[in-house]
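Engineer: Take a look at final.cif, mmCIF, C-alpha atoms:
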```
data_protein
#
loop_
_atom_site.label_atom_id
_atom_site.label_comp_id
_atom_site.auth_asym_id
_atom_site.auth_seq_id
_atom_site.Cartn_x
_atom_site.Cartn_y
_atom_site.Cartn_z
CA MET V 260 27.31 -2.26 1.25
CA LEU V 261 24.04 -4.09 1.15
CA LYS V 262 22.93 -4.75 4.71
CA THR V 263 21.89 -8.18 5.88
CA ARG V 264 18.18 -7.99 6.53
CA ILE V 265 16.97 -8.98 9.97
CA ILE V 266 13.26 -9.65 9.79
CA PRO V 267 10.72 -10.21 12.54
CA CYS V 268 8.46 -13.04 11.41
CA LEU V 269 5.03 -12.58 12.92
CA LEU V 270 2.32 -15.19 13.03
CA LEU V 271 -1.35 -14.33 12.73
CA HIS V 272 -3.77 -16.66 14.47
CA GLU V 273 -7.41 -15.99 15.35
CA GLY V 274 -6.96 -12.24 14.89
CA GLY V 275 -3.96 -11.91 17.17
CA LEU V 276 -0.23 -12.35 16.99
CA VAL V 277 1.14 -15.61 18.31
CA LYS V 278 4.46 -17.35 18.71
CA THR V 279 4.69 -21.08 18.25
CA GLU V 280 7.07 -23.80 19.35
CA LYS V 281 7.92 -26.39 16.71
CA PHE V 282 4.83 -25.11 14.86
CA LYS V 283 2.64 -26.02 17.87
CA LYS V 284 1.39 -24.35 21.03
CA PRO V 285 0.55 -20.91 19.62
CA LYS V 286 0.94 -18.42 22.45
CA TYR V 287 -0.73 -15.00 22.21
CA VAL V 288 1.84 -12.20 22.16
CA GLY V 289 -0.29 -9.20 21.28
CA ASP V 290 -2.19 -7.14 18.80
CA PRO V 291 -0.69 -7.04 15.29
CA MET V 292 -1.34 -3.33 14.76
CA ASN V 293 0.31 -2.43 18.01
CA ALA V 294 3.32 -4.53 17.06
CA VAL V 295 3.59 -2.83 13.66
CA ARG V 296 3.59 0.60 15.26
CA ILE V 297 6.39 -0.44 17.60
CA TYR V 298 8.39 -1.97 14.74
CA ASN V 299 7.98 1.29 12.80
CA GLU V 300 9.49 3.18 15.71
CA LYS V 301 12.34 0.69 15.87
CA GLU V 302 12.95 1.05 12.13
CA VAL V 303 12.98 -2.65 11.37
CA ASP V 304 14.41 -3.77 8.04
CA GLU V 305 11.35 -5.66 6.94
CA LEU V 306 8.40 -7.64 8.32
CA ILE V 307 6.91 -10.98 7.39
CA PHE V 308 3.35 -11.80 8.40
CA LEU V 309 2.14 -15.35 8.10
CA ASP V 310 -1.48 -16.30 8.65
CA ILE V 311 -0.98 -19.77 10.08
CA ASP V 312 -4.67 -20.68 9.92
CA ALA V 313 -5.58 -19.86 6.32
CA SER V 314 -4.26 -22.94 4.49
CA LYS V 315 -5.37 -25.25 7.29
CA GLU V 316 -8.85 -23.80 7.16
CA ASN V 317 -8.75 -23.96 3.38
CA ARG V 318 -9.59 -20.27 3.04
CA GLY V 319 -8.05 -17.27 1.32
CA PRO V 320 -6.26 -14.26 2.82
CA ASP V 321 -8.04 -11.92 5.24
CA TYR V 322 -7.81 -8.68 3.25
CA GLY V 323 -9.16 -6.61 6.12
CA ILE V 324 -6.24 -7.27 8.38
CA ILE V 325 -3.73 -7.05 5.51
CA GLU V 326 -5.05 -3.60 4.66
CA ASP V 327 -4.81 -2.47 8.28
CA LEU V 328 -1.21 -3.66 8.41
CA ALA V 329 -0.27 -2.06 5.08
CA THR V 330 -1.57 1.32 6.18
CA GLU V 331 0.84 1.33 9.11
CA CYS V 332 3.85 -0.52 7.66
CA PHE V 333 6.43 2.00 6.49
CA MET V 334 8.91 -0.72 5.78
CA PRO V 335 8.74 -3.53 3.24
CA PHE V 336 6.45 -6.30 4.26
CA ALA V 337 5.50 -9.71 3.05
CA TYR V 338 2.25 -11.55 3.60
CA GLY V 339 1.71 -15.29 3.45
CA GLY V 340 -1.21 -17.57 4.15
CA GLY V 341 -3.90 -19.14 2.01
CA VAL V 342 -2.67 -17.76 -1.31
CA THR V 343 -3.72 -19.99 -4.20
CA THR V 344 -4.69 -17.68 -7.07
CA ILE V 345 -3.25 -14.89 -9.23
CA GLU V 346 -6.25 -12.73 -8.31
CA GLN V 347 -5.45 -13.03 -4.61
CA ILE V 348 -1.87 -11.93 -5.23
CA ARG V 349 -3.08 -8.99 -7.29
CA ALA V 350 -5.46 -7.96 -4.51
CA ILE V 351 -2.73 -8.21 -1.84
CA LEU V 352 -0.23 -6.16 -3.85
CA LYS V 353 -2.85 -3.54 -4.61
CA ILE V 354 -3.33 -2.97 -0.88
CA GLY V 355 0.35 -1.99 -0.67
CA VAL V 356 2.12 -5.21 0.30
CA GLU V 357 5.54 -5.71 -1.34
CA LYS V 358 5.83 -9.46 -1.38
CA VAL V 359 3.62 -12.48 -1.22
CA VAL V 360 4.74 -15.67 0.47
CA ILE V 361 3.51 -18.95 -0.93
CA ASN V 362 4.15 -22.10 1.02
CA HIS V 363 1.60 -24.89 0.94
CA TYR V 364 0.22 -24.19 -2.51
CA ALA V 365 3.73 -24.17 -4.00
CA LEU V 366 4.05 -27.87 -3.28
CA GLY V 367 3.50 -29.59 -6.60
CA ASN V 368 2.25 -26.38 -8.23
CA GLU V 369 5.30 -25.12 -10.09
CA ASP V 370 3.16 -23.82 -12.92
CA PHE V 371 1.28 -21.56 -10.56
CA ILE V 372 4.53 -20.21 -9.14
CA ARG V 373 5.88 -19.67 -12.66
CA GLU V 374 2.73 -17.81 -13.64
CA ALA V 375 2.80 -15.69 -10.48
CA CYS V 376 6.45 -14.72 -11.04
CA LYS V 377 5.76 -13.85 -14.64
CA HIS V 378 2.76 -11.72 -13.75
CA PHE V 379 4.17 -9.85 -10.80
CA GLY V 380 7.95 -10.11 -11.13
CA SER V 381 10.32 -12.41 -9.29
CA SER V 382 11.06 -10.01 -6.49
CA THR V 383 7.40 -10.07 -5.45
CA ILE V 384 7.16 -13.80 -4.91
CA ILE V 385 8.72 -15.61 -1.95
CA VAL V 386 8.36 -19.33 -1.63
CA ALA V 387 8.49 -20.60 1.93
CA ILE V 388 9.73 -24.10 2.60
CA ASP V 389 9.18 -25.63 6.01
CA ILE V 390 11.82 -28.24 6.75
CA LYS V 391 11.90 -30.94 9.39
CA LYS V 392 14.09 -33.96 10.06
CA ASP V 393 12.57 -37.37 9.49
CA ILE V 394 13.24 -40.28 11.83
CA TRP V 395 16.48 -40.98 9.94
CA GLY V 396 17.70 -37.47 10.56
CA ASN V 397 17.33 -36.30 6.97
CA TYR V 398 15.70 -33.00 6.25
CA LYS V 399 12.37 -33.28 4.47
CA ILE V 400 9.70 -30.82 3.47
CA TYR V 401 7.09 -30.44 6.17
CA ASP V 402 3.47 -30.02 5.18
CA HIS V 403 1.85 -28.02 7.98
CA VAL V 404 -1.65 -28.64 6.67
CA LYS V 405 -1.29 -32.39 6.75
CA GLY V 406 0.98 -32.15 9.79
CA LYS V 407 3.61 -34.49 8.37
CA THR V 408 6.84 -34.60 6.43
CA LEU V 409 6.75 -35.31 2.71
CA SER V 410 9.07 -37.55 0.76
CA GLY V 411 10.77 -34.86 -1.34
CA SER V 412 14.02 -33.13 -0.44
CA PRO V 413 13.92 -29.42 0.43
CA LEU V 414 16.82 -28.73 -1.95
CA ASP V 415 15.04 -30.26 -4.95
CA HIS V 416 11.94 -28.23 -4.16
CA ALA V 417 14.07 -25.09 -3.74
CA LEU V 418 15.72 -25.62 -7.11
CA LYS V 419 12.36 -26.17 -8.81
CA MET V 420 11.06 -22.98 -7.28
CA CYS V 421 14.12 -21.04 -8.49
CA GLU V 422 13.66 -22.48 -11.93
CA ALA V 423 10.03 -21.30 -11.79
CA GLY V 424 11.35 -17.81 -11.13
CA VAL V 425 10.87 -17.00 -7.44
CA GLY V 426 12.77 -14.01 -6.08
CA GLU V 427 13.45 -15.35 -2.61
CA LEU V 428 13.32 -18.51 -0.57
CA PHE V 429 12.21 -18.53 3.04
CA ILE V 430 13.51 -21.63 4.78
CA ASN V 431 11.83 -22.30 8.11
CA ASN V 432 13.14 -25.04 10.38
CA VAL V 433 10.20 -26.67 12.18
CA ASP V 434 12.41 -28.55 14.66
CA ARG V 435 14.07 -25.33 15.77
CA ASP V 436 10.99 -23.05 15.75
CA GLY V 437 10.64 -21.30 19.11
CA THR V 438 13.30 -23.48 20.74
CA TYR V 439 16.15 -20.97 21.08
CA SER V 440 18.54 -23.74 19.97
CA GLY V 441 20.27 -21.77 17.21
CA PHE V 442 20.05 -22.17 13.44
CA ASP V 443 20.96 -25.40 11.74
CA TRP V 444 23.24 -23.48 9.45
CA GLN V 445 24.54 -26.51 7.55
CA ILE V 446 21.27 -27.29 5.77
CA LEU V 447 20.87 -23.60 5.02
CA ASP V 448 24.39 -23.50 3.63
CA GLN V 449 23.67 -26.52 1.41
CA ILE V 450 20.59 -24.88 -0.02
CA ASN V 451 22.08 -21.40 -0.29
CA GLN V 452 25.11 -22.64 -2.20
CA LYS V 453 22.93 -24.20 -4.89
CA VAL V 454 20.48 -21.35 -5.45
CA THR V 455 21.05 -17.94 -6.99
CA VAL V 456 18.23 -16.11 -5.24
CA PRO V 457 18.40 -14.65 -1.73
CA VAL V 458 17.69 -17.09 1.10
CA ILE V 459 15.95 -16.01 4.31
CA ALA V 460 16.83 -18.27 7.24
CA CYS V 461 14.27 -18.85 9.97
CA GLY V 462 13.90 -21.07 13.00
CA GLY V 463 15.97 -21.30 16.16
CA ALA V 464 17.41 -17.88 16.92
CA SER V 465 18.12 -17.34 20.61
CA GLY V 466 19.85 -14.02 20.12
CA LEU V 467 21.95 -11.92 17.82
CA SER V 468 24.93 -14.25 18.12
CA ASP V 469 22.92 -16.96 16.34
CA VAL V 470 21.96 -14.46 13.69
CA LYS V 471 25.60 -13.65 13.18
CA GLU V 472 26.54 -17.32 13.01
CA VAL V 473 24.03 -18.20 10.30
CA VAL V 474 24.97 -15.16 8.25
CA THR V 475 28.68 -15.86 8.56
CA LYS V 476 28.56 -19.62 8.02
CA ALA V 477 25.66 -20.12 5.63
CA LYS V 478 26.01 -16.70 3.94
CA VAL V 479 22.24 -16.26 3.83
CA SER V 480 20.95 -12.90 2.64
CA ALA V 481 18.48 -12.39 5.43
CA VAL V 482 17.51 -13.79 8.78
CA ALA V 483 14.00 -14.02 10.16
CA ALA V 484 13.10 -14.70 13.75
CA GLY V 485 10.07 -14.69 15.98
CA SER V 486 10.81 -15.34 19.64
CA ILE V 487 13.72 -12.94 20.05
CA PHE V 488 11.63 -10.06 18.73
CA VAL V 489 8.52 -10.77 20.78
CA TYR V 490 9.86 -12.21 24.04
CA GLN V 491 12.37 -11.09 26.59
CA GLY V 492 14.12 -12.84 29.44
CA PRO V 493 14.16 -16.43 30.68
CA HIS V 494 10.43 -16.50 31.38
CA ARG V 495 9.59 -15.32 27.90
CA ALA V 496 7.76 -12.20 28.93
CA VAL V 497 6.13 -10.59 25.93
CA LEU V 498 8.10 -7.59 24.74
CA ILE V 499 8.09 -6.36 21.15
CA SER V 500 11.70 -5.40 20.46
CA TYR V 501 14.32 -4.99 17.77
CA PRO V 502 18.03 -4.20 17.92
CA SER V 503 19.18 -0.69 17.13
CA GLN V 504 20.96 0.00 13.86
CA ARG V 505 24.13 0.55 15.86
CA GLU V 506 23.86 -2.93 17.39
CA LEU V 507 23.24 -4.44 13.97
CA GLN V 508 26.19 -2.57 12.48
CA GLN V 509 28.48 -3.78 15.24
CA LEU V 510 27.17 -7.31 14.82
CA PHE V 511 28.33 -7.54 11.22
CA SER V 512 31.44 -5.37 11.40
CA MET W 19 -0.93 18.69 -4.10
CA ILE W 20 0.88 15.63 -5.34
CA GLN W 21 -0.65 13.33 -7.89
CA ILE W 22 0.45 9.72 -8.09
CA VAL W 23 0.21 8.30 -11.59
CA ASN W 24 -1.73 5.06 -11.72
CA TYR W 25 -0.70 3.40 -14.97
CA GLY W 26 -1.39 -0.07 -13.69
CA LEU W 27 2.01 -0.83 -12.14
CA GLY W 28 3.28 -0.25 -8.68
CA ASN W 29 2.15 -0.12 -5.12
CA LEU W 30 0.42 3.23 -5.12
CA GLY W 31 -1.18 2.42 -1.81
CA SER W 32 2.06 2.51 0.12
CA VAL W 33 3.19 5.78 -1.49
CA GLN W 34 -0.10 7.37 -0.54
CA ASN W 35 -0.02 5.87 2.96
CA MET W 36 3.34 7.48 3.64
CA LEU W 37 2.33 10.86 2.18
CA ARG W 38 -0.73 10.78 4.43
CA ARG W 39 1.51 10.06 7.42
CA ILE W 40 3.64 13.14 6.72
CA ASN W 41 0.52 15.27 6.10
CA VAL W 42 1.08 15.80 2.39
CA GLU W 43 -2.06 15.87 0.33
CA SER W 44 -2.06 13.44 -2.57
CA THR W 45 -4.41 11.76 -4.97
CA ILE W 46 -4.06 8.78 -7.22
CA VAL W 47 -4.84 9.77 -10.79
CA LYS W 48 -6.16 7.17 -13.23
CA ASP W 49 -7.01 9.34 -16.19
CA PRO W 50 -4.33 11.41 -17.97
CA LYS W 51 -6.72 14.30 -18.51
CA ASP W 52 -6.98 14.71 -14.73
CA LEU W 53 -3.26 15.38 -14.44
CA ILE W 54 -3.18 18.93 -13.06
CA ALA W 55 -1.09 18.72 -9.89
CA ASP W 56 1.85 20.90 -8.97
CA LYS W 57 3.89 17.75 -8.35
CA VAL W 58 3.76 14.29 -9.78
CA ILE W 59 5.06 10.89 -8.69
CA LEU W 60 5.62 8.11 -11.20
CA PRO W 61 5.87 4.92 -9.14
CA GLY W 62 6.43 1.51 -10.60
CA VAL W 63 7.10 -2.10 -9.95
CA GLY W 64 7.29 -4.39 -12.93
CA SER W 65 9.02 -4.70 -16.26
CA PHE W 66 10.20 -1.86 -18.49
CA ASP W 67 8.19 -2.77 -21.57
CA THR W 68 4.98 -3.31 -19.61
CA GLY W 69 5.52 0.10 -18.05
CA MET W 70 6.02 1.84 -21.40
CA THR W 71 3.17 -0.10 -23.01
CA ASN W 72 0.81 1.03 -20.27
CA LEU W 73 2.00 4.65 -20.39
CA ILE W 74 1.50 4.77 -24.16
CA GLY W 75 -1.68 2.69 -24.27
CA GLN W 76 -3.41 4.70 -21.57
CA GLY W 77 -2.43 8.02 -23.13
CA TRP W 78 -0.11 9.24 -20.39
CA ILE W 79 2.86 10.41 -22.46
CA SER W 80 1.55 13.71 -23.79
CA ALA W 81 -0.19 14.55 -20.49
CA LEU W 82 3.00 13.88 -18.53
CA GLU W 83 5.18 15.80 -20.96
CA ARG W 84 2.81 18.73 -20.83
CA ILE W 85 3.13 19.17 -17.07
CA VAL W 86 6.77 18.04 -16.76
CA HIS W 87 8.30 19.82 -19.77
CA GLU W 88 5.98 22.78 -20.31
CA GLN W 89 4.77 23.54 -16.81
CA LYS W 90 8.05 22.36 -15.22
CA VAL W 91 6.22 20.56 -12.44
CA PRO W 92 8.62 18.57 -10.20
CA ALA W 93 8.36 14.87 -11.07
CA LEU W 94 9.68 11.98 -9.00
CA GLY W 95 10.19 8.56 -10.56
CA ILE W 96 10.42 5.69 -8.11
CA CYS W 97 12.16 2.42 -9.03
CA LEU W 98 10.75 1.43 -12.43
CA GLY W 99 9.36 4.97 -12.62
CA MET W 100 12.94 6.28 -12.56
CA GLN W 101 14.03 3.78 -15.20
CA LEU W 102 11.16 4.73 -17.52
CA MET W 103 12.46 8.33 -17.53
CA THR W 104 15.59 7.21 -19.42
CA ASN W 105 16.19 6.38 -23.11
CA LYS W 106 16.07 2.60 -23.01
CA SER W 107 16.61 -0.54 -20.94
CA GLU W 108 18.33 -3.86 -21.42
CA GLU W 109 15.21 -5.34 -19.87
CA GLY W 110 13.09 -4.55 -22.90
CA VAL W 111 12.96 -3.38 -26.49
CA MET W 112 10.79 -0.30 -26.15
CA LYS W 113 12.03 3.27 -26.03
CA GLY W 114 11.81 5.01 -22.69
CA LEU W 115 10.41 8.47 -22.01
CA GLY W 116 13.84 9.94 -22.75
CA TRP W 117 13.52 12.77 -20.22
CA VAL W 118 16.99 11.99 -18.89
CA ASP W 119 19.91 10.96 -21.08
CA ALA W 120 20.61 7.61 -19.44
CA ASP W 121 20.27 3.90 -20.13
CA VAL W 122 19.17 1.05 -17.92
CA VAL W 123 21.46 -1.98 -17.69
CA ARG W 124 21.42 -5.24 -15.79
CA PHE W 125 23.67 -6.00 -12.84
CA PRO W 126 26.37 -8.38 -14.04
CA ASN W 127 25.94 -12.05 -13.21
CA GLY W 128 28.57 -13.44 -10.90
CA ASP W 129 28.93 -13.23 -7.17
CA LEU W 130 26.13 -10.74 -6.72
CA LYS W 131 22.71 -12.00 -5.79
CA ILE W 132 20.19 -10.51 -8.19
CA PRO W 133 17.88 -8.73 -7.52
CA HIS W 134 19.70 -6.21 -5.37
CA MET W 135 17.24 -6.44 -2.51
CA GLY W 136 17.38 -4.83 0.89
CA TRP W 137 18.69 -1.77 2.68
CA ASN W 138 21.67 0.02 1.26
CA ILE W 139 23.39 3.34 1.74
CA VAL W 140 22.79 6.29 -0.54
CA ARG W 141 25.51 8.94 -0.73
CA PRO W 142 24.32 12.35 -1.91
CA PRO W 143 26.77 15.04 -3.03
CA LYS W 144 27.88 16.96 0.06
CA ASN W 145 27.53 20.43 -1.39
CA ASP W 146 24.00 19.94 -2.68
CA PRO W 147 22.04 17.15 -0.99
CA SER W 148 18.82 18.21 -2.75
CA ILE W 149 15.97 15.86 -1.78
CA PHE W 150 18.44 14.03 0.49
CA ASN W 151 18.73 17.01 2.79
CA MET W 152 18.08 15.31 6.13
CA ASP W 153 19.70 15.29 9.50
CA GLN W 154 21.19 11.79 9.41
CA GLU W 155 24.75 10.55 9.36
CA GLU W 156 24.08 7.71 7.00
CA LEU W 157 21.16 7.49 4.62
CA ARG W 158 19.59 4.06 4.25
CA PHE W 159 16.94 3.15 1.75
CA TYR W 160 15.18 -0.01 0.66
CA PHE W 161 15.99 -1.35 -2.81
CA VAL W 162 14.53 -4.10 -4.98
CA HIS W 163 15.78 -4.14 -8.56
CA SER W 164 17.76 -6.16 -11.07
CA TYR W 165 18.55 -3.29 -13.45
CA TYR W 166 20.14 0.05 -12.70
CA VAL W 167 20.47 3.41 -14.40
CA ARG W 168 23.66 4.50 -16.15
CA ILE W 169 23.71 8.24 -16.74
CA ASN W 170 25.19 9.37 -20.09
CA GLY W 171 24.37 13.00 -20.43
CA ASP W 172 24.00 16.06 -18.32
CA ALA W 173 21.76 14.68 -15.59
CA GLU W 174 23.18 15.04 -12.09
CA GLN W 175 23.80 11.92 -10.08
CA ILE W 176 22.37 13.04 -6.74
CA GLY W 177 22.64 9.63 -5.10
CA THR W 178 25.31 6.95 -5.31
CA THR W 179 25.08 3.41 -3.96
CA PHE W 180 27.51 0.52 -3.94
CA TYR W 181 26.45 -2.93 -5.10
CA GLY W 182 29.41 -4.67 -6.70
CA ASN W 183 30.16 -1.24 -8.11
CA ASP W 184 28.93 2.27 -7.54
CA PHE W 185 25.73 3.01 -9.42
CA ALA W 186 23.34 5.95 -9.70
CA SER W 187 20.65 5.41 -7.08
CA ALA W 188 19.19 8.87 -7.72
CA PHE W 189 19.34 11.47 -10.47
CA ARG W 190 18.07 14.96 -11.21
CA LYS W 191 17.62 16.77 -14.48
CA ASP W 192 16.02 20.17 -13.93
CA ASN W 193 12.62 19.40 -12.40
CA VAL W 194 12.85 15.64 -13.06
CA TYR W 195 13.99 13.43 -10.15
CA GLY W 196 14.44 9.69 -10.08
CA VAL W 197 15.22 7.34 -7.21
CA GLN W 198 15.97 3.66 -7.66
CA PHE W 199 14.94 2.74 -4.11
CA HIS W 200 11.52 2.83 -2.46
CA PRO W 201 11.16 5.89 -0.21
CA GLU W 202 7.64 4.75 0.64
CA LYS W 203 9.17 1.69 2.32
CA SER W 204 12.18 3.37 3.91
CA HIS W 205 10.52 4.65 7.11
CA LYS W 206 12.09 7.85 8.46
CA PHE W 207 14.50 8.25 5.54
CA GLY W 208 11.66 7.89 3.06
CA MET W 209 9.47 10.29 5.01
CA SER W 210 12.23 12.92 4.97
CA LEU W 211 12.82 12.46 1.25
CA LEU W 212 9.14 12.73 0.37
CA LYS W 213 8.81 15.78 2.63
CA ASN W 214 11.70 17.38 0.77
CA PHE W 215 10.14 16.54 -2.57
CA ALA W 216 6.78 17.91 -1.43
CA ALA W 217 8.49 21.14 -0.38
CA LEU W 218 10.19 21.75 -3.76
#
```
Written as structure tokens, that's how I'd like the structure from this file.
Structural biologist:
Amino acid sequence: MLKTRIIPCLLLHEGGLVKTEKFKKPKYVGDPMNAVRIYNEKEVDELIFLDIDASKENRGPDYGIIEDLATECFMPFAYGGGVTTIEQIRAILKIGVEKVVINHYALGNEDFIREACKHFGSSTIIVAIDIKKDIWGNYKIYDHVKGKTLSGSPLDHALKMCEAGVGELFINNVDRDGTYSGFDWQILDQINQKVTVPVIACGGASGLSDVKEVVTKAKVSAVAAGSIFVYQGPHRAVLISYPSQRELQQLFS
Amino acid sequence: MIQIVNYGLGNLGSVQNMLRRINVESTIVKDPKDLIADKVILPGVGSFDTGMTNLIGQGWISALERIVHEQKVPALGICLGMQLMTNKSEEGVMKGLGWVDADVVRFPNGDLKIPHMGWNIVRPPKNDPSIFNMDQEELRFYFVHSYYVRINGDAEQIGTTFYGNDFASAFRKDNVYGVQFHPEKSHKFGMSLLKNFAAL
């Protein structure tokens, strides 16, 4: 049986790891290299690193930190942040990263995504879509660089990206980010039903029961989370953690 | 010493990072004439025809066959590297290396998400676990692939994995080994496997 992947999603900001709330208030939670070493010990399924400054600062990836991470990551890992060229993707993969996440630059750049998938293979390219409800309660794409929702529907964008050849979709719910309010599994279900590629759900996990719910109800292939793997307890004390394989097995049995 | 073949495809960095972690000496070899190691790893991420085109174009075939067939050096194909060791693939039109009598076919469309991506269980034969000899109840490895190997001839299927159906996640033919998953990204399981390979 293929196991559902449970993926810590780690945010890079000003050289450290942070956790955000609704994409705001980045709070320092530690040193990325230290976190990777702990996640190695805990045998995590996979890691996703997102540099949340790169696109905003209109700069490319920081290869130095990516290389440091790759040297220590003995599990698959994806990097996202500031990727806008084929050459950047080539450089990231050469360092030893498995997958590259493209978010902001995928908006309106289907040809770039198509070219990237053709060059490097579908399974290398993840498109991330940040979603947020507008004032009418409809989910829209959120542009974190502009800090506002766009007019297009997340599903249409997702379908375009699939058509362009991406291997995975990472759907991140801005409204739920860091709120411990559970996944909005219905929107994930709507998207997942229409696409053929694996969907990674992110945004809202308060614990493993939420993970189980979104997997059971939306049938997503993977679940990513931040808070539950970097905080512990009601006061959100920083603690890098990950469930044991036994816990994960019991969760889905 | 292990040499990792750099034919322009695959994340050589992560293979070498893991070998370094388990204290196995390795080098990445770019020129076929430098192929002199007592073990060789053929990694690979990408398409079948690109892989064969690069192997042929860069002059790897005769160098590889010299050490694998004549000197009987243990060779490990990883992911596409495993697939290239077979006769042919539905993914392309080119002939494979043909070291193992097997073909590469695509997972059927239907309920399965393709690619087969993530952690899955590998079942080695109980009497002869070979490179899977490790003290673990259940062996988990990380997979990313849309095509899988179907063994025709006398190669041994030393690893079996279920995705829709059972398929060959690892094979052995004399000194030639292939694994469909990525040991270099399968933490302790990968480290054990590469240690076993290094100790052959």
Engineer: Around all of stretch 19-24 of chain W's listed atoms, make the axis-aligned box with 6 Å on each side and tell me centre and edge lengths in Å to one decimal, as lines of an AutoDock Vina configuration file.
Structural biologist:
```
center_x = -0.4
center_y = 11.9
center_z = -7.9
size_x = 14.6
size_y = 25.6
size_z = 19.6
```
Engineer: The PyMOL selection byres ((chain W) within 6 of (chain V)) on the file shown: which residues, as a VMD selection string?
Structural biologist: chain W and resid 29 31 to 32 35 137 to 138 180 203 to 205
Engineer: With distances taken over all atoms listed in the file, which residue among W:Phe215, W:Phe66, W:Trp78, W:Tyr25 lies nearest W:Ser148?
Structural biologist: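 Closest residue, counting all atoms listed in the file: W:Phe215.
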Engineer: Record the distance separating atom CA of W:Lys106 and atom CA of W:Ile22, expressed in Å with one decimal.
Structural biologist: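 Atom CA of W:Ile22 lies 22.7 Å from atom CA of W:Lys106.
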Engineer: How would you write, as a PDB file with C-alpha atoms, in the frame of the given file, the residues chosen by the PyMOL selection byres ((chain W and resi 218) around 9) on this structure?
Structural biologist:
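So the final result, stored in part09.pdb, reads:
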```
ATOM      1  CA  LYS W  57       3.890  17.750  -8.350  1.00  0.00           C
ATOM      2  CA  PRO W  92       8.620  18.570 -10.200  1.00  0.00           C
ATOM      3  CA  ILE W 149      15.970  15.860  -1.780  1.00  0.00           C
ATOM      4  CA  LYS W 213       8.810  15.780   2.630  1.00  0.00           C
ATOM      5  CA  ASN W 214      11.700  17.380   0.770  1.00  0.00           C
ATOM      6  CA  PHE W 215      10.140  16.540  -2.570  1.00  0.00           C
ATOM      7  CA  ALA W 216       6.780  17.910  -1.430  1.00  0.00           C
ATOM      8  CA  ALA W 217       8.490  21.140  -0.380  1.00  0.00           C
TER       9      ALA W 217
END
```
Engineer: One number please: atom CA of W:Ser187 to atom CA of W:Leu102, in Å, one decimal.
Structural biologist: 14.1 Å
Engineer: So which residues touch stretch 275-285 of chain V within 9 Å, counting only C-alpha atoms, skipping near sequence neighbours fewer than 3 positions away, as a list of chain:residue names?
Structural biologist: V:Leu269, V:Leu270, V:Leu271, V:His272, V:Val288, V:Gly289, V:Asp290, V:Pro291, V:Ala294, V:His403, V:Asn432, V:Val433, V:Asp434, V:Arg435, V:Asp436, V:Gly437, V:Thr438, V:Gly462, V:Gly485, V:Ser486, V:Val489
Engineer: Using only C-alpha atoms for the distances, tell me which of W:Pro61, W:Trp117, W:Val91, W:His200 is nearest to W:Met19.
Structural biologist: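 Closest to W:Met19 of all the choices is W:Val91.
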Engineer: Applied to the shown file, which residues does the PyMOL selection byres ((chain W and resi 171) around 8) return, written as a PDB file with C-alpha atoms, in the coordinates of the input?
Structural biologist:
```pdb
ATOM      1  CA  VAL W 118      16.990  11.990 -18.890  1.00  0.00           C
ATOM      2  CA  ASP W 119      19.910  10.960 -21.080  1.00  0.00           C
ATOM      3  CA  ALA W 120      20.610   7.610 -19.440  1.00  0.00           C
ATOM      4  CA  ILE W 169      23.710   8.240 -16.740  1.00  0.00           C
ATOM      5  CA  ASN W 170      25.190   9.370 -20.090  1.00  0.00           C
ATOM      6  CA  ASP W 172      24.000  16.060 -18.320  1.00  0.00           C
ATOM      7  CA  ALA W 173      21.760  14.680 -15.590  1.00  0.00           C
TER       8      ALA W 173
END
```
Engineer: Please report the interatomic distance between atom CA of W:Asn24 and atom CA of W:Leu60 in Å with one decimal.
Structural biologist: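 Atom CA of W:Leu60 lies at a distance of 8.0 Å from atom CA of W:Asn24.
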Engineer: Find the residue from V:Gln449, V:Thr344, V:Ala423, V:Thr408 that sits nearest to V:Cys376; use all atoms listed in the file when measuring.
Structural biologist: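 Nearest to V:Cys376: V:Ala423.
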Engineer: Identify which of the residues W:Gln21, W:Ser65, W:Thr45, W:Thr178 lies closest to W:Tyr165, counting all atoms listed in the file when measuring atom-to-atom distances.
Structural biologist: W:Ser65
Engineer: Closest to W:Asp49 among W:Ala93, W:Leu30, W:Ala81, W:Val122, using only C-alpha atoms?
Structural biologist: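 Result for the nearest residue to W:Asp49: W:Ala81.
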Engineer: Just checking: using only C-alpha atoms, which residue out of V:Asn293, V:Asn317, V:Ser468, V:Asn368 ends up closest to V:Gln509?
Structural biologist: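 Comparing V:Asn293, V:Asn317, V:Ser468, V:Asn368 against V:Gln509, the winner is V:Ser468.
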